[in-house]
>>> print(open('upload.csv').read())   # CSV, C-alpha atoms
chain,number,residue,atom,x,y,z
A,1,MET,CA,161.6,32.0,128.3
A,2,ALA,CA,164.0,33.9,126.0
A,3,GLY,CA,163.8,37.6,125.7
A,4,SER,CA,164.0,38.1,122.0
A,5,THR,CA,162.1,40.7,120.1
A,6,VAL,CA,159.9,40.2,117.1
A,7,THR,CA,159.6,43.0,114.6
A,8,ARG,CA,158.0,43.8,111.3
A,9,ALA,CA,160.8,41.8,109.6
A,10,GLN,CA,159.7,38.5,111.2
A,11,LEU,CA,156.1,39.2,110.5
A,12,SER,CA,156.8,39.9,106.9
A,13,GLU,CA,159.0,36.8,106.7
A,14,ALA,CA,156.1,34.7,108.1
A,15,VAL,CA,153.7,36.2,105.5
A,16,TYR,CA,156.2,35.5,102.8
A,17,GLN,CA,156.5,31.8,103.9
A,18,GLU,CA,152.8,31.4,104.4
A,19,VAL,CA,151.3,33.1,101.4
A,20,GLY,CA,154.0,33.0,98.7
A,21,LEU,CA,154.0,36.7,97.7
A,22,SER,CA,157.3,38.5,97.1
A,23,ARG,CA,159.2,39.6,100.2
A,24,ASN,CA,158.5,43.2,99.3
A,25,GLU,CA,154.8,42.7,98.9
A,26,SER,CA,154.7,40.7,102.1
A,27,ALA,CA,156.3,43.6,103.9
A,28,ASP,CA,153.8,46.1,102.3
A,29,LEU,CA,150.9,44.0,103.4
A,30,VAL,CA,152.0,43.7,107.0
A,31,GLU,CA,152.3,47.5,106.9
A,32,GLY,CA,148.8,47.6,105.4
A,33,VAL,CA,147.4,45.6,108.2
A,34,LEU,CA,148.9,47.9,110.8
A,35,ASN,CA,147.8,51.1,108.9
A,36,GLU,CA,144.2,49.9,108.5
A,37,ILE,CA,144.1,49.2,112.3
A,38,SER,CA,145.7,52.6,113.1
A,39,ASP,CA,143.4,54.6,110.8
A,40,THR,CA,140.3,52.9,112.3
A,41,LEU,CA,141.4,53.8,115.8
A,42,VAL,CA,142.3,57.3,114.9
A,43,ARG,CA,138.7,57.7,113.6
A,44,GLY,CA,137.7,56.7,117.2
A,45,GLU,CA,136.4,53.3,116.1
A,46,SER,CA,137.5,50.1,118.0
A,47,VAL,CA,139.1,47.1,116.4
A,48,LYS,CA,138.1,43.6,117.4
A,49,ILE,CA,140.2,40.7,116.3
A,50,SER,CA,138.6,37.4,117.4
A,51,SER,CA,140.8,35.0,119.4
A,52,PHE,CA,143.4,37.8,119.7
A,53,GLY,CA,141.9,40.8,121.4
A,54,SER,CA,140.4,44.2,120.9
A,55,PHE,CA,141.8,47.7,120.7
A,56,SER,CA,139.7,50.6,121.7
A,57,VAL,CA,140.1,54.3,122.2
A,58,ARG,CA,139.2,55.8,125.5
A,59,GLN,CA,138.7,59.5,126.2
A,60,LYS,CA,140.4,60.8,129.3
A,61,GLY,CA,139.3,64.0,131.0
A,62,GLU,CA,141.5,66.7,132.2
A,63,ARG,CA,143.1,66.2,135.6
A,64,LYS,CA,145.7,67.7,137.8
A,65,GLY,CA,149.1,66.1,137.8
A,66,ARG,CA,152.3,66.9,139.6
A,67,ASN,CA,155.8,67.0,138.4
A,68,PRO,CA,157.3,64.4,140.6
A,69,LYS,CA,160.7,66.0,140.7
A,70,THR,CA,159.6,69.6,141.5
A,71,GLY,CA,156.3,68.9,143.2
A,72,GLU,CA,154.9,71.6,140.9
A,73,GLU,CA,151.2,71.1,139.9
A,74,VAL,CA,150.6,70.8,136.1
A,75,PRO,CA,147.3,70.3,134.3
A,76,ILE,CA,147.1,67.1,132.3
A,77,LYS,CA,145.0,67.9,129.2
A,78,PRO,CA,142.1,65.8,128.1
A,79,ARG,CA,143.5,63.1,125.7
A,80,ARG,CA,142.6,59.9,123.9
A,81,VAL,CA,144.4,56.7,125.0
A,82,LEU,CA,144.5,53.4,123.3
A,83,VAL,CA,143.5,50.3,125.3
A,84,PHE,CA,144.2,46.8,124.3
A,85,ARG,CA,142.3,43.9,125.9
A,86,ALA,CA,143.6,40.5,125.1
A,87,SER,CA,141.0,37.8,124.4
A,88,ASN,CA,140.7,35.0,126.8
A,89,VAL,CA,142.0,32.6,124.1
A,90,LEU,CA,145.2,34.6,123.9
A,91,LYS,CA,145.6,35.0,127.7
A,92,GLN,CA,145.1,31.3,128.2
A,93,ARG,CA,147.5,30.4,125.4
A,94,ILE,CA,150.3,32.6,126.9
A,95,ASN,CA,149.6,31.6,130.4
A,96,THR,CA,149.6,27.8,129.8
A,97,SER,CA,152.7,28.0,127.7
A,98,LEU,CA,154.7,30.1,130.1
A,99,ASN,CA,153.4,28.6,133.3
A,100,PRO,CA,152.7,25.0,132.5
A,101,PRO,CA,150.3,23.6,135.1
A,102,ALA,CA,152.0,20.2,135.2
A,103,GLY,CA,154.3,19.6,138.3
A,104,ASN,CA,153.2,22.7,140.0
A,105,GLY,CA,155.7,22.4,142.9
A,106,GLU,CA,155.0,25.7,144.6
A,107,ASP,CA,151.3,25.2,144.4
A,108,SER,CA,151.1,22.2,146.8
A,109,SER,CA,152.5,24.0,149.8
A,110,GLY,CA,151.2,27.4,148.9
A,111,THR,CA,147.9,27.5,150.6
A,112,ILE,CA,148.2,28.9,154.1
B,1,MET,CA,136.0,47.0,112.9
B,2,THR,CA,136.2,43.3,113.2
B,3,LYS,CA,138.8,40.9,111.7
B,4,SER,CA,136.5,40.1,108.8
B,5,GLU,CA,135.9,43.8,108.1
B,6,LEU,CA,139.7,44.4,108.2
B,7,ILE,CA,140.1,41.6,105.6
B,8,ILE,CA,137.5,43.2,103.4
B,9,ARG,CA,139.1,46.6,103.5
B,10,LEU,CA,142.5,45.3,102.9
B,11,ALA,CA,141.2,43.2,99.9
B,12,GLU,CA,139.6,46.4,98.5
B,13,LYS,CA,142.9,48.1,98.6
B,14,ASN,CA,144.7,45.1,97.0
B,15,PRO,CA,142.4,44.1,94.2
B,16,HIS,CA,145.2,42.0,92.6
B,17,LEU,CA,145.0,39.5,95.6
B,18,TYR,CA,142.6,36.8,96.2
B,19,GLN,CA,140.5,37.4,99.3
B,20,ARG,CA,141.6,34.0,100.5
B,21,ASP,CA,145.2,35.3,100.5
B,22,VAL,CA,144.3,38.4,102.3
B,23,GLU,CA,142.7,36.3,105.0
B,24,ARG,CA,145.8,34.3,105.4
B,25,ILE,CA,148.0,37.4,105.6
B,26,VAL,CA,145.9,38.9,108.4
B,27,SER,CA,145.7,35.6,110.2
B,28,THR,CA,149.4,35.1,109.9
B,29,VAL,CA,150.2,38.5,111.4
B,30,PHE,CA,148.1,37.8,114.5
B,31,ASP,CA,149.2,34.2,114.8
B,32,GLU,CA,152.9,35.3,114.8
B,33,VAL,CA,152.2,37.9,117.5
B,34,SER,CA,150.4,35.3,119.6
B,35,ALA,CA,153.2,32.8,119.1
B,36,ALA,CA,155.9,35.3,120.0
B,37,LEU,CA,154.0,36.2,123.2
B,38,SER,CA,153.5,32.6,124.1
B,39,ARG,CA,157.3,32.1,123.9
B,40,GLY,CA,157.7,35.1,126.3
B,41,ASP,CA,159.0,37.2,123.5
B,42,ARG,CA,158.3,40.9,122.9
B,43,VAL,CA,156.8,42.2,119.6
B,44,GLU,CA,157.9,45.7,118.8
B,45,LEU,CA,156.2,47.5,115.9
B,46,ARG,CA,157.6,50.9,115.7
B,47,GLY,CA,155.1,53.7,115.3
B,48,PHE,CA,152.2,51.3,116.1
B,49,GLY,CA,153.1,49.8,119.5
B,50,ALA,CA,154.7,47.0,121.4
B,51,PHE,CA,153.2,43.8,122.8
B,52,SER,CA,154.9,42.2,125.8
B,53,VAL,CA,154.2,39.7,128.5
B,54,LYS,CA,154.1,40.7,132.2
B,55,ASN,CA,154.6,38.1,134.9
B,56,ARG,CA,152.5,38.3,138.0
B,57,ASP,CA,154.0,36.5,140.9
B,58,SER,CA,152.0,33.9,142.9
B,59,ARG,CA,150.3,35.4,145.9
B,60,THR,CA,147.8,34.6,148.6
B,61,GLY,CA,144.6,36.2,147.7
B,62,ARG,CA,141.3,36.3,149.5
B,63,ASN,CA,137.9,35.3,148.4
B,64,PRO,CA,136.1,38.6,149.0
B,65,ARG,CA,132.8,36.9,149.7
B,66,THR,CA,134.0,34.3,152.3
B,67,GLY,CA,137.2,35.9,153.5
B,68,GLU,CA,138.9,32.6,152.9
B,69,THR,CA,142.6,32.8,151.9
B,70,VAL,CA,143.3,31.2,148.5
B,71,PHE,CA,146.6,30.6,146.7
B,72,VAL,CA,146.8,32.5,143.4
B,73,ALA,CA,149.4,30.9,141.1
B,74,ARG,CA,151.9,32.8,139.2
B,75,LYS,CA,150.6,34.0,135.9
B,76,SER,CA,151.7,35.7,132.7
B,77,VAL,CA,149.5,38.4,131.1
B,78,PRO,CA,149.8,40.1,127.7
B,79,PHE,CA,150.3,43.8,127.6
B,80,PHE,CA,150.2,46.4,124.8
B,81,LYS,CA,151.9,49.8,124.9
B,82,VAL,CA,150.9,52.2,122.2
B,83,GLY,CA,153.7,53.6,120.0
B,84,LYS,CA,154.6,57.2,119.8
B,85,ASP,CA,153.4,57.9,116.3
B,86,LEU,CA,150.0,56.4,116.9
B,87,ARG,CA,149.6,58.1,120.2
B,88,ILE,CA,150.3,61.4,118.6
B,89,ARG,CA,147.9,60.7,115.8
B,90,LEU,CA,145.1,59.8,118.3
B,91,ASN,CA,145.5,63.2,119.8
B,92,THR,CA,145.8,65.2,116.6
B,93,PRO,CA,142.5,66.8,115.4
B,94,GLN,CA,141.5,65.3,112.1
B,95,VAL,CA,141.1,67.3,109.0
>>> encode(input="upload.csv", output="structure tokens")
Amino acid sequence: MAGSTVTRAQLSEAVYQEVGLSRNESADLVEGVLNEISDTLVRGESVKISSFGSFSVRQKGERKGRNPKTGEEVPIKPRRVLVFRASNVLKQRINTSLNPPAGNGEDSSGTI
Amino acid sequence: MTKSELIIRLAEKNPHLYQRDVERIVSTVFDEVSAALSRGDRVELRGFGAFSVKNRDSRTGRNPRTGETVFVARKSVPFFKVGKDLRIRLNTPQV
């Protein structure tokens, strides 16, 4: 369970390896995918990617917040937030790969 | 917008590419993100957002119907945090 970070560079490289376009064009297309998703969300439309997950925009109403440092009450304006819901396929893939069910040592004694 | 609509829109903007290639590009992007998360890696796409995995410890839960205690195994769940630029765009009135 390493802690490395994947960025646009690795995504572009994968597209380059997989599709055989130039490196530059691969990078442009990765950007194109992200832009298309962003533009759709900004229009308020949700984006559903099967076996990956869905992105949707949720409208939040105004509420009172508090500055935790000063205790001062500040209004939090109505705003739009982005919510990602991973698909069950993705959740399961991540979970089985990071917490393999085989040899579940702690499981056996866990039930009280 | 679904994945297939995303492919169509992208293909329209890139008329020099075969739709088959656009499909592979889109699939590759999501496959890479999924693979990274399955390794426990983080995926950081500046301006768009970051995907990461959060670990939930094992715990003893309760079946709310029967009140019975049950062991809930440790699990890892994917998480997405929206990037700054996109968050600002979501809250900027459109022209």
>>> closest_residue(input="upload.csv", among="A:Pro101, A:Pro68, A:Glu45, A:Lys91", to="Ser76 in chain B", atoms="only C-alpha atoms")
A:Lys91
>>> interface_residues(input="upload.csv", of="chain B", to="chain A", cutoff="8 Å", atoms="all atoms listed in the file", output="PyMOL selection string")
chain B and resi 1-3+6+9-10+21+24-26+28-30+32+34+36-45+48+60+69-71+73-80+82+86-87+89-91
>>> atom_distance(input="upload.csv", atom1="CA of Pro64 in chain B", atom2="CA of Asn88 in chain A")
23.0 Å
>>> atom_distance(input="upload.csv", atom1="CA of Thr70 in chain A", atom2="CA of Arg58 in chain A")
29.4 Å
>>> atom_distance(input="upload.csv", atom1="CA of Lys60 in chain A", atom2="CA of Lys77 in chain A")
8.5 Å
>>> residues_near_point(input="upload.csv", point="(146.9, 65.4, 134.2)", cutoff="7 Å", atoms="all atoms listed in the file", output="ChimeraX atom specification")
/A:62-65,74-77
>>> decode(input="upload.csv", residues="chain B", atoms="C-alpha atoms", output="compact mmCIF listing (two decimals), in the first residue's frame")
# COMPACT_ATOMS: atom_id res chain seq x y z
CA MET B 1 -24.04 12.92 -19.38
CA THR B 2 -23.08 9.27 -19.58
CA LYS B 3 -19.80 7.75 -20.62
CA SER B 4 -21.06 7.13 -24.14
CA GLU B 5 -22.25 10.74 -24.45
CA LEU B 6 -18.87 11.89 -23.23
CA ILE B 7 -17.26 9.80 -25.98
CA ILE B 8 -19.58 11.29 -28.61
CA ARG B 9 -18.86 14.87 -27.52
CA LEU B 10 -15.15 14.27 -27.47
CA ALA B 11 -15.29 12.61 -30.89
CA GLU B 12 -17.14 15.65 -32.28
CA LYS B 13 -14.37 17.91 -31.04
CA ASN B 14 -11.69 15.64 -32.46
CA PRO B 15 -12.95 14.76 -35.95
CA HIS B 16 -9.50 13.50 -36.96
CA LEU B 17 -9.80 10.57 -34.53
CA TYR B 18 -11.71 7.36 -34.96
CA GLN B 19 -14.53 7.02 -32.46
CA ARG B 20 -12.96 3.69 -31.50
CA ASP B 21 -9.84 5.54 -30.39
CA VAL B 22 -11.83 8.10 -28.43
CA GLU B 23 -13.51 5.22 -26.64
CA ARG B 24 -10.15 3.76 -25.73
CA ILE B 25 -8.88 7.12 -24.52
CA VAL B 26 -11.85 7.65 -22.21
CA SER B 27 -11.69 4.08 -20.91
CA THR B 28 -7.96 4.31 -20.33
CA VAL B 29 -8.35 7.45 -18.24
CA PHE B 30 -10.92 5.88 -15.92
CA ASP B 31 -9.11 2.53 -15.84
CA GLU B 32 -5.91 4.26 -14.75
CA VAL B 33 -7.69 6.14 -11.97
CA SER B 34 -9.36 2.91 -10.80
CA ALA B 35 -6.06 1.01 -10.92
CA ALA B 36 -4.27 3.72 -8.93
CA LEU B 37 -6.95 3.72 -6.23
CA SER B 38 -6.83 -0.08 -6.08
CA ARG B 39 -3.12 0.20 -5.30
CA GLY B 40 -3.95 2.65 -2.54
CA ASP B 41 -2.49 5.53 -4.55
CA ARG B 42 -3.87 9.02 -4.78
CA VAL B 43 -4.82 10.64 -8.09
CA GLU B 44 -4.35 14.37 -8.18
CA LEU B 45 -5.66 16.34 -11.12
CA ARG B 46 -5.01 19.99 -10.40
CA GLY B 47 -7.95 22.24 -11.07
CA PHE B 48 -10.30 19.28 -11.38
CA GLY B 49 -9.96 17.38 -8.13
CA ALA B 50 -8.25 14.55 -6.31
CA PHE B 51 -9.26 10.94 -5.80
CA SER B 52 -8.02 9.12 -2.75
CA VAL B 53 -8.81 6.10 -0.63
CA LYS B 54 -9.92 6.36 2.95
CA ASN B 55 -9.55 3.46 5.31
CA ARG B 56 -12.30 2.65 7.72
CA ASP B 57 -11.17 0.58 10.69
CA SER B 58 -12.94 -2.57 11.66
CA ARG B 59 -15.57 -1.98 14.29
CA THR B 60 -18.35 -3.73 16.08
CA GLY B 61 -21.59 -2.60 14.64
CA ARG B 62 -25.12 -3.45 15.50
CA ASN B 63 -27.90 -4.81 13.40
CA PRO B 64 -30.44 -2.04 13.91
CA ARG B 65 -33.34 -4.43 13.53
CA THR B 66 -32.28 -7.17 15.93
CA GLY B 67 -29.85 -5.26 18.13
CA GLU B 68 -27.34 -8.04 17.58
CA THR B 69 -23.65 -7.06 17.60
CA VAL B 70 -21.85 -7.78 14.37
CA PHE B 71 -18.22 -7.48 13.41
CA VAL B 72 -17.66 -5.02 10.57
CA ALA B 73 -14.35 -5.68 8.82
CA ARG B 74 -11.87 -2.97 7.96
CA LYS B 75 -12.64 -1.45 4.60
CA SER B 76 -11.29 1.04 2.08
CA VAL B 77 -13.55 3.51 0.38
CA PRO B 78 -12.83 5.84 -2.56
CA PHE B 79 -13.14 9.56 -1.98
CA PHE B 80 -13.14 12.59 -4.29
CA LYS B 81 -12.37 16.14 -3.33
CA VAL B 82 -13.21 18.80 -5.88
CA GLY B 83 -10.33 21.02 -7.05
CA LYS B 84 -10.18 24.72 -6.45
CA ASP B 85 -10.72 25.88 -10.02
CA LEU B 86 -13.73 23.67 -10.59
CA ARG B 87 -15.21 24.62 -7.23
CA ILE B 88 -14.94 28.27 -8.14
CA ARG B 89 -16.42 27.68 -11.59
CA LEU B 90 -19.37 25.83 -10.06
CA ASN B 91 -20.15 28.94 -8.05
CA THR B 92 -19.57 31.55 -10.71
CA PRO B 93 -22.73 32.72 -12.46
CA GLN B 94 -22.63 31.66 -16.10
CA VAL B 95 -22.75 34.15 -18.93
